[in-house]
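One file, run_15.cif, carrying mmCIF, C-alpha atoms:
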```cif
data_upload
loop_
_atom_site.label_atom_id
_atom_site.label_comp_id
_atom_site.auth_asym_id
_atom_site.auth_seq_id
_atom_site.Cartn_x
_atom_site.Cartn_y
_atom_site.Cartn_z
CA MET A 23 0.00 0.00 0.00
CA GLY A 24 2.27 2.68 -1.25
CA VAL A 25 5.95 3.18 -1.75
CA GLU A 26 8.66 2.21 0.72
CA ILE A 27 11.67 4.54 0.82
CA GLU A 28 14.55 3.18 2.86
CA ARG A 29 18.31 3.00 3.26
CA LYS A 30 20.32 0.19 4.78
CA TRP A 31 23.66 -0.26 6.54
CA MET A 32 25.76 -3.07 8.01
CA PRO A 33 27.35 -2.25 11.41
CA ASP A 34 30.46 -4.28 12.15
CA LYS A 35 29.51 -4.92 15.79
CA ILE A 36 26.33 -5.08 17.87
CA PRO A 37 25.45 -1.42 18.45
CA GLU A 38 25.36 -0.31 22.11
CA GLU A 39 22.34 1.75 21.10
CA ILE A 40 20.08 -1.35 21.40
CA ASN A 41 20.92 -1.84 25.09
CA GLY A 42 17.74 -1.83 27.19
CA ILE A 43 15.46 -1.94 24.13
CA PRO A 44 13.18 -4.99 23.97
CA GLY A 45 13.68 -6.97 20.74
CA LYS A 46 10.98 -8.62 18.64
CA ASP A 47 11.64 -12.04 17.13
CA ILE A 48 11.02 -12.26 13.38
CA ILE A 49 10.83 -15.31 11.16
CA GLN A 50 10.37 -14.74 7.45
CA GLY A 51 10.47 -16.74 4.25
CA TYR A 52 10.15 -16.04 0.54
CA LEU A 53 7.63 -17.57 -1.87
CA CYS A 54 9.20 -15.56 -4.68
CA THR A 55 12.03 -13.02 -4.86
CA ASP A 56 11.26 -11.09 -8.11
CA PRO A 57 8.88 -9.58 -7.27
CA VAL A 58 9.30 -10.26 -3.56
CA VAL A 59 6.43 -12.25 -2.04
CA ARG A 60 7.36 -12.72 1.60
CA ILE A 61 5.64 -14.10 4.70
CA ARG A 62 6.66 -12.89 8.14
CA LYS A 63 5.87 -13.65 11.77
CA GLU A 64 6.79 -10.78 14.09
CA GLY A 65 5.72 -11.55 17.64
CA GLU A 66 2.10 -12.65 17.17
CA LYS A 67 1.61 -10.62 13.98
CA TYR A 68 1.56 -12.41 10.62
CA THR A 69 2.04 -10.57 7.32
CA LEU A 70 2.24 -11.24 3.61
CA THR A 71 4.40 -8.63 1.90
CA TYR A 72 4.70 -7.85 -1.79
CA LYS A 73 7.55 -5.64 -2.99
CA GLY A 74 7.90 -4.43 -6.55
CA SER A 75 11.29 -3.67 -8.08
CA GLY A 76 13.44 -0.65 -7.19
CA THR A 77 16.23 0.11 -4.70
CA VAL A 78 15.65 3.17 -2.48
CA ALA A 79 11.95 3.61 -3.37
CA ARG A 80 9.88 0.53 -4.11
CA GLU A 81 6.18 -0.35 -4.16
CA GLU A 82 5.27 -2.31 -1.03
CA TYR A 83 2.07 -3.87 0.27
CA ASN A 84 1.72 -5.41 3.73
CA LEU A 85 -1.32 -7.68 3.94
CA GLY A 86 -2.69 -9.47 7.00
CA LEU A 87 -2.34 -13.20 7.53
CA ASN A 88 -3.48 -15.36 10.41
CA GLU A 89 -1.34 -18.00 12.15
CA GLU A 90 -2.98 -20.85 10.20
CA ALA A 91 -2.31 -19.15 6.85
CA PHE A 92 1.31 -18.45 7.87
CA MET A 93 1.87 -22.09 8.87
CA HIS A 94 0.24 -23.21 5.58
CA LEU A 95 2.51 -20.96 3.50
CA LEU A 96 5.73 -21.62 5.45
CA PRO A 97 6.61 -24.96 3.77
CA LYS A 98 6.08 -23.30 0.36
CA CYS A 99 8.97 -20.89 1.01
CA ASP A 100 12.22 -21.34 -0.91
CA GLY A 101 15.71 -21.75 0.45
CA ILE A 102 16.72 -20.48 3.86
CA LEU A 103 14.31 -19.09 6.47
CA ILE A 104 15.43 -15.74 7.87
CA GLU A 105 15.44 -15.54 11.66
CA LYS A 106 16.34 -12.32 13.42
CA THR A 107 15.57 -10.12 16.39
CA ARG A 108 14.58 -6.53 15.63
CA TYR A 109 15.30 -3.56 17.89
CA ARG A 110 13.71 -0.18 17.15
CA VAL A 111 16.09 2.65 18.05
CA GLY A 112 14.68 6.16 17.96
CA LEU A 113 16.77 8.72 16.08
CA SER A 114 16.34 12.47 15.98
CA ASP A 115 13.88 13.92 13.42
CA ASP A 116 11.13 11.35 14.14
CA LEU A 117 13.13 8.65 12.38
CA THR A 118 13.61 5.12 13.64
CA ALA A 119 16.54 2.78 13.05
CA GLU A 120 15.52 -0.86 12.82
CA VAL A 121 18.49 -2.91 14.01
CA ASP A 122 18.27 -6.59 13.00
CA LEU A 123 20.47 -9.18 14.71
CA PHE A 124 20.37 -12.41 12.70
CA HIS A 125 20.18 -15.95 14.04
CA GLY A 126 20.36 -19.42 12.53
CA THR A 127 22.17 -19.64 9.21
CA TYR A 128 23.16 -15.95 9.34
CA GLU A 129 23.99 -15.78 13.06
CA GLY A 130 26.17 -12.72 13.70
CA ARG A 131 24.97 -10.65 10.75
CA ILE A 132 23.68 -7.17 11.63
CA TYR A 133 21.62 -4.79 9.51
CA VAL A 134 20.28 -1.32 10.22
CA GLU A 135 17.44 0.11 8.14
CA VAL A 136 15.78 3.51 8.22
CA GLU A 137 12.51 4.23 6.47
CA PHE A 138 11.90 7.75 5.18
CA ARG A 139 8.82 9.74 4.21
CA SER A 140 10.33 11.09 0.98
CA GLU A 141 13.32 10.59 -1.29
CA GLU A 142 14.50 14.10 -0.35
CA GLU A 143 14.56 13.09 3.31
CA ALA A 144 16.36 9.83 2.44
CA ASN A 145 19.02 11.71 0.47
CA ALA A 146 19.48 14.36 3.17
CA PHE A 147 19.89 11.83 5.99
CA CYS A 148 23.32 11.76 7.61
CA PRO A 149 23.92 8.34 9.20
CA PRO A 150 25.63 8.07 12.61
CA VAL A 151 29.04 6.38 12.65
CA TRP A 152 27.71 3.19 14.33
CA PHE A 153 25.62 2.39 11.21
CA GLY A 154 28.80 1.27 9.41
CA MET A 155 28.94 0.55 5.69
CA GLU A 156 25.93 1.50 3.59
CA VAL A 157 24.57 -1.40 1.54
CA THR A 158 21.40 0.21 0.12
CA GLY A 159 20.59 -1.41 -3.21
CA LEU A 160 23.70 -3.62 -3.21
CA LYS A 161 23.02 -7.01 -4.68
CA GLY A 162 23.34 -9.91 -2.27
CA TYR A 163 22.59 -7.84 0.83
CA SER A 164 18.80 -8.07 0.76
CA ASN A 165 16.98 -10.51 3.04
CA ALA A 166 15.61 -12.09 -0.15
CA ALA A 167 19.18 -12.74 -1.35
CA LEU A 168 20.06 -14.22 2.05
CA SER A 169 17.08 -16.58 1.78
CA GLU A 170 18.49 -17.79 -1.55
CA GLY A 171 21.96 -18.33 -0.06
CA ARG A 172 23.33 -15.82 -2.62
CA SER A 173 25.09 -13.70 -0.01
CA MET B 1061 -6.01 -1.89 -3.76
CA GLY B 1062 -9.31 -1.21 -2.15
CA VAL B 1063 -12.56 -3.02 -1.70
CA GLU B 1064 -14.17 -5.32 -4.22
CA ILE B 1065 -17.98 -5.26 -4.26
CA GLU B 1066 -19.48 -7.99 -6.37
CA ARG B 1067 -22.39 -10.38 -6.82
CA LYS B 1068 -22.32 -13.79 -8.49
CA TRP B 1069 -24.75 -16.08 -10.31
CA MET B 1070 -24.77 -19.53 -11.90
CA PRO B 1071 -26.57 -19.72 -15.29
CA ASP B 1072 -27.85 -23.20 -16.13
CA LYS B 1073 -26.76 -22.98 -19.79
CA ILE B 1074 -24.16 -21.12 -21.84
CA PRO B 1075 -25.66 -17.63 -22.28
CA GLU B 1076 -26.32 -16.56 -25.88
CA GLU B 1077 -25.11 -13.14 -24.75
CA ILE B 1078 -21.46 -14.25 -25.17
CA ASN B 1079 -21.88 -14.99 -28.87
CA GLY B 1080 -19.38 -12.99 -30.92
CA ILE B 1081 -17.45 -11.82 -27.85
CA PRO B 1082 -13.78 -12.89 -27.78
CA GLY B 1083 -12.95 -14.89 -24.66
CA LYS B 1084 -9.77 -14.68 -22.59
CA ASP B 1085 -8.22 -17.86 -21.20
CA ILE B 1086 -7.54 -17.81 -17.48
CA ILE B 1087 -5.51 -20.21 -15.36
CA GLN B 1088 -5.44 -19.63 -11.63
CA GLY B 1089 -4.29 -21.40 -8.52
CA TYR B 1090 -4.41 -20.80 -4.78
CA LEU B 1091 -1.45 -20.59 -2.42
CA CYS B 1092 -3.88 -20.03 0.47
CA THR B 1093 -7.66 -19.71 0.72
CA ASP B 1094 -8.16 -17.83 4.03
CA PRO B 1095 -7.18 -15.18 3.29
CA VAL B 1096 -7.16 -15.83 -0.45
CA VAL B 1097 -3.68 -15.63 -2.01
CA ARG B 1098 -4.18 -16.42 -5.68
CA ILE B 1099 -2.03 -16.37 -8.80
CA ARG B 1100 -3.62 -15.89 -12.22
CA LYS B 1101 -2.57 -15.89 -15.86
CA GLU B 1102 -5.06 -14.06 -18.07
CA GLY B 1103 -3.80 -13.90 -21.62
CA GLU B 1104 -0.23 -12.60 -21.15
CA LYS B 1105 -1.01 -10.81 -17.89
CA TYR B 1106 0.14 -12.34 -14.59
CA THR B 1107 -1.30 -11.30 -11.24
CA LEU B 1108 -1.01 -12.09 -7.56
CA THR B 1109 -4.28 -11.36 -5.78
CA TYR B 1110 -4.95 -11.07 -2.06
CA LYS B 1111 -8.54 -11.06 -0.81
CA GLY B 1112 -9.48 -10.44 2.79
CA SER B 1113 -12.62 -11.92 4.31
CA GLY B 1114 -16.18 -10.76 3.52
CA THR B 1115 -18.91 -11.74 1.04
CA VAL B 1116 -20.30 -8.85 -1.07
CA ALA B 1117 -17.60 -6.30 -0.13
CA ARG B 1118 -14.07 -7.56 0.53
CA GLU B 1119 -10.60 -6.04 0.59
CA GLU B 1120 -8.75 -6.96 -2.62
CA TYR B 1121 -5.26 -6.22 -3.95
CA ASN B 1122 -4.10 -7.11 -7.45
CA LEU B 1123 -0.31 -7.10 -7.71
CA GLY B 1124 1.81 -7.58 -10.82
CA LEU B 1125 3.78 -10.75 -11.49
CA ASN B 1126 5.94 -11.70 -14.44
CA GLU B 1127 5.80 -15.01 -16.30
CA GLU B 1128 8.84 -16.38 -14.45
CA ALA B 1129 7.34 -15.56 -11.04
CA PHE B 1130 4.02 -17.12 -12.08
CA MET B 1131 5.73 -20.32 -13.22
CA HIS B 1132 7.75 -20.37 -9.97
CA LEU B 1133 4.62 -20.03 -7.82
CA LEU B 1134 2.40 -22.41 -9.84
CA PRO B 1135 3.73 -25.67 -8.31
CA LYS B 1136 3.22 -24.16 -4.83
CA CYS B 1137 -0.55 -23.95 -5.42
CA ASP B 1138 -2.85 -26.33 -3.56
CA GLY B 1139 -5.42 -28.71 -4.96
CA ILE B 1140 -7.02 -28.16 -8.35
CA LEU B 1141 -5.97 -25.49 -10.86
CA ILE B 1142 -8.89 -23.43 -12.14
CA GLU B 1143 -9.07 -23.15 -15.93
CA LYS B 1144 -11.76 -21.04 -17.57
CA THR B 1145 -12.52 -18.71 -20.45
CA ARG B 1146 -13.86 -15.29 -19.52
CA TYR B 1147 -16.25 -13.26 -21.68
CA ARG B 1148 -16.99 -9.63 -20.77
CA VAL B 1149 -20.61 -8.77 -21.61
CA GLY B 1150 -21.60 -5.11 -21.35
CA LEU B 1151 -24.79 -4.41 -19.41
CA SER B 1152 -26.70 -1.15 -19.13
CA ASP B 1153 -25.56 1.38 -16.51
CA ASP B 1154 -21.82 1.01 -17.32
CA LEU B 1155 -21.79 -2.41 -15.67
CA THR B 1156 -20.06 -5.48 -17.08
CA ALA B 1157 -21.00 -9.12 -16.61
CA GLU B 1158 -17.98 -11.43 -16.51
CA VAL B 1159 -19.13 -14.80 -17.82
CA ASP B 1160 -16.73 -17.65 -16.94
CA LEU B 1161 -16.96 -20.98 -18.77
CA PHE B 1162 -14.92 -23.57 -16.90
CA HIS B 1163 -12.66 -26.23 -18.39
CA GLY B 1164 -10.71 -29.15 -17.01
CA THR B 1165 -11.97 -30.56 -13.71
CA TYR B 1166 -14.95 -28.20 -13.72
CA GLU B 1167 -15.79 -28.43 -17.44
CA GLY B 1168 -19.36 -27.26 -17.98
CA ARG B 1169 -19.61 -25.01 -14.95
CA ILE B 1170 -20.67 -21.41 -15.66
CA TYR B 1171 -20.45 -18.36 -13.43
CA VAL B 1172 -21.47 -14.75 -13.98
CA GLU B 1173 -20.03 -11.98 -11.82
CA VAL B 1174 -20.75 -8.27 -11.74
CA GLU B 1175 -18.54 -5.79 -9.93
CA PHE B 1176 -20.15 -2.66 -8.49
CA ARG B 1177 -18.88 0.75 -7.40
CA SER B 1178 -20.85 0.79 -4.15
CA GLU B 1179 -22.89 -1.52 -1.94
CA GLU B 1180 -25.97 0.62 -2.74
CA GLU B 1181 -25.47 -0.07 -6.46
CA ALA B 1182 -24.93 -3.79 -5.73
CA ASN B 1183 -28.15 -3.98 -3.71
CA ALA B 1184 -30.17 -2.02 -6.29
CA PHE B 1185 -29.00 -4.19 -9.23
CA CYS B 1186 -31.73 -6.24 -10.88
CA PRO B 1187 -30.17 -9.27 -12.63
CA PRO B 1188 -31.43 -10.41 -16.07
CA VAL B 1189 -33.15 -13.81 -16.20
CA TRP B 1190 -30.19 -15.46 -18.00
CA PHE B 1191 -27.97 -14.96 -14.89
CA GLY B 1192 -29.83 -17.84 -13.17
CA MET B 1193 -29.45 -18.64 -9.49
CA GLU B 1194 -27.59 -16.16 -7.32
CA VAL B 1195 -24.71 -17.71 -5.36
CA THR B 1196 -23.13 -14.59 -3.85
CA GLY B 1197 -21.46 -15.51 -0.58
CA LEU B 1198 -22.63 -19.15 -0.69
CA LYS B 1199 -20.02 -21.51 0.66
CA GLY B 1200 -18.60 -23.93 -1.86
CA TYR B 1201 -19.27 -21.71 -4.89
CA SER B 1202 -16.11 -19.61 -4.79
CA ASN B 1203 -13.23 -20.39 -7.13
CA ALA B 1204 -11.12 -20.94 -3.99
CA ALA B 1205 -13.57 -23.66 -2.86
CA LEU B 1206 -13.43 -25.23 -6.34
CA SER B 1207 -9.63 -25.35 -6.11
CA GLU B 1208 -9.98 -27.29 -2.86
CA GLY B 1209 -12.46 -29.72 -4.39
CA ARG B 1210 -15.02 -28.64 -1.74
CA SER B 1211 -17.74 -27.86 -4.27
#
```
Show me the file's structure as structure tokens.
Amino acid sequence: MGVEIERKWMPDKIPEEINGIPGKDIIQGYLCTDPVVRIRKEGEKYTLTYKGSGTVAREEYNLGLNEEAFMHLLPKCDGILIEKTRYRVGLSDDLTAEVDLFHGTYEGRIYVEVEFRSEEEANAFCPPVWFGMEVTGLKGYSNAALSEGRS
Amino acid sequence: MGVEIERKWMPDKIPEEINGIPGKDIIQGYLCTDPVVRIRKEGEKYTLTYKGSGTVAREEYNLGLNEEAFMHLLPKCDGILIEKTRYRVGLSDDLTAEVDLFHGTYEGRIYVEVEFRSEEEANAFCPPVWFGMEVTGLKGYSNAALSEGRS
């Protein structure tokens, strides 16, 4: 439902900024990666997500699933399930950094994503040092690529 | 993207009204039926559709797929693939009747659907005699139920 505008980084260590913030466990799998058709369990919330093509700005729809539908679709997913814990760290300017610590196959991987309200805001954003290397739009760094074992 | 408001009937013979109208071949399958997650090939157009719950009015999103994505998702579908030819018959009042003649497992089955712009319009609509029995919202008459062999 609309366009998602985001940038993404890869910190080289677990950021201290998540200390004291409760994490939410996420499991997600991919039915298709081009376009992305993804199912996700985050806490007790189940979602089917469709993402069109694009790097910074891409069409995205988040549609409700129930637990039964999620469990029905889970074995249809390809490749590797993505397991991670997400911490939401407030930044200045009403922005939020989503810090994902991966488990399972990708144990130790860390991503930070920030979603913006416009491309202007995305371009103007100055990332703090702890974000590390920017990987926005780089092939092989998407969760979809991780699910395919391409990373 | 938005709400679909429609009513549905089951003519007991092939309506003469489709004579001379070119039909479009449709193949569709279901990844999930509650909520509905459906893939469809109509001519050379490929779509992923999500439908929330509801009978006359239900949330519906139609999202683009490509041929490769469709072929990737096809073997993930459950049960019976739905094959049909669709004829669009213009009615008065800017409304269109979609007449579906089924093939394959459901050869001989016929459905007519009309989509409306509001629930008021749907309720006020007076169906022509050739539409036959109304099956709007009846369990077992949806394409999803047909795919499950529940009909």
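Taking only C-alpha atoms into account, chain A lies nearest to B:Ser1113 out of the set B:Ser1178, B:Thr1145, B:Ser1113, B:Asn1203.
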Fill in: Interface residues on chain A facing chain B, 9 Å, all atoms listed in the file, written as a ChimeraX atom specification
/A:23,53-57,72,74,83,85-88,90-91,94-95,98-99
Worksheet item: Can you list, as a PyMOL selection string, every protein, DNA or RNA residue that comes within 10 Å of Glu66 (chain A) when you count all atoms listed in the file, leaving out same-chain residues fewer than 5 positions away?
Response: chain A and resi 46-48+88-89
Worksheet entry | Shortest interatomic distance to Lys1073 (chain B) - which of B:Glu1208, B:Glu1143, B:Asp1160, B:Asp1153, counting all atoms listed in the file | B:Asp1160
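CA of Lys1068 (chain B) is found 8.7 Å from CA of Met1193 (chain B).
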Fill in: Answer key for the PyMOL selection byres ((chain A and resi 169) around 8), residues as a PyMOL selection string
chain A and resi 51-52+100-104+165-168+170-172
Practice prompt. Evaluate the PyMOL selection byres ((chain A and resi 38) around 12) on the structure here and hand back the selected residues as a ChimeraX atom specification.
Written response: /A:33-37,39-43,109,111,121,152-153
Deliver the residues from the most recent selection as a file, using C-alpha atoms, as an mmCIF file, in the coordinates of the input.
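Final output, part-v6.cif:
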```
data_model
loop_
_atom_site.group_PDB
_atom_site.id
_atom_site.type_symbol
_atom_site.label_atom_id
_atom_site.label_comp_id
_atom_site.auth_asym_id
_atom_site.auth_seq_id
_atom_site.Cartn_x
_atom_site.Cartn_y
_atom_site.Cartn_z
ATOM 1 C CA PRO A 33 27.350 -2.250 11.410
ATOM 2 C CA ASP A 34 30.460 -4.280 12.150
ATOM 3 C CA LYS A 35 29.510 -4.920 15.790
ATOM 4 C CA ILE A 36 26.330 -5.080 17.870
ATOM 5 C CA PRO A 37 25.450 -1.420 18.450
ATOM 6 C CA GLU A 39 22.340 1.750 21.100
ATOM 7 C CA ILE A 40 20.080 -1.350 21.400
ATOM 8 C CA ASN A 41 20.920 -1.840 25.090
ATOM 9 C CA GLY A 42 17.740 -1.830 27.190
ATOM 10 C CA ILE A 43 15.460 -1.940 24.130
ATOM 11 C CA TYR A 109 15.300 -3.560 17.890
ATOM 12 C CA VAL A 111 16.090 2.650 18.050
ATOM 13 C CA VAL A 121 18.490 -2.910 14.010
ATOM 14 C CA TRP A 152 27.710 3.190 14.330
ATOM 15 C CA PHE A 153 25.620 2.390 11.210
#
```
Given the PyMOL selection byres ((chain B and resi 1194) around 10), the residues it picks as a PDB file with C-alpha atoms, in the coordinates of the input:
```
ATOM      1  CA  ARG B1067     -22.390 -10.380  -6.820  1.00  0.00           C
ATOM      2  CA  LYS B1068     -22.320 -13.790  -8.490  1.00  0.00           C
ATOM      3  CA  TRP B1069     -24.750 -16.080 -10.310  1.00  0.00           C
ATOM      4  CA  MET B1070     -24.770 -19.530 -11.900  1.00  0.00           C
ATOM      5  CA  PRO B1071     -26.570 -19.720 -15.290  1.00  0.00           C
ATOM      6  CA  TYR B1171     -20.450 -18.360 -13.430  1.00  0.00           C
ATOM      7  CA  VAL B1172     -21.470 -14.750 -13.980  1.00  0.00           C
ATOM      8  CA  GLU B1173     -20.030 -11.980 -11.820  1.00  0.00           C
ATOM      9  CA  PRO B1187     -30.170  -9.270 -12.630  1.00  0.00           C
ATOM     10  CA  PHE B1191     -27.970 -14.960 -14.890  1.00  0.00           C
ATOM     11  CA  GLY B1192     -29.830 -17.840 -13.170  1.00  0.00           C
ATOM     12  CA  MET B1193     -29.450 -18.640  -9.490  1.00  0.00           C
ATOM     13  CA  VAL B1195     -24.710 -17.710  -5.360  1.00  0.00           C
ATOM     14  CA  THR B1196     -23.130 -14.590  -3.850  1.00  0.00           C
ATOM     15  CA  GLY B1197     -21.460 -15.510  -0.580  1.00  0.00           C
ATOM     16  CA  LEU B1198     -22.630 -19.150  -0.690  1.00  0.00           C
TER      17      LEU B1198
END
```
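The space separating CA of Arg1148 (chain B) from CA of Arg1118 (chain B) comes to 21.6 Å.
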Could you put an axis-aligned box around every listed atom of region 1079-1092 of chain B, padded by 5 Å on each side, and send me its centre and edge lengths in Å to one decimal, as JSON?
```
{"center_x": -11.7, "center_y": -16.6, "center_z": -15.2, "size_x": 30.4, "size_y": 19.6, "size_z": 41.4}
```
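Straight-line separation from CA of Ala144 (chain A) to CA of Ile27 (chain A): 7.3 Å.
Take the candidates B:Ala1184, B:Ile1087, B:Met1131, B:Val1189 and check each one against Glu1102 (chain B) using only C-alpha atoms; the shortest distance goes to B:Ile1087.
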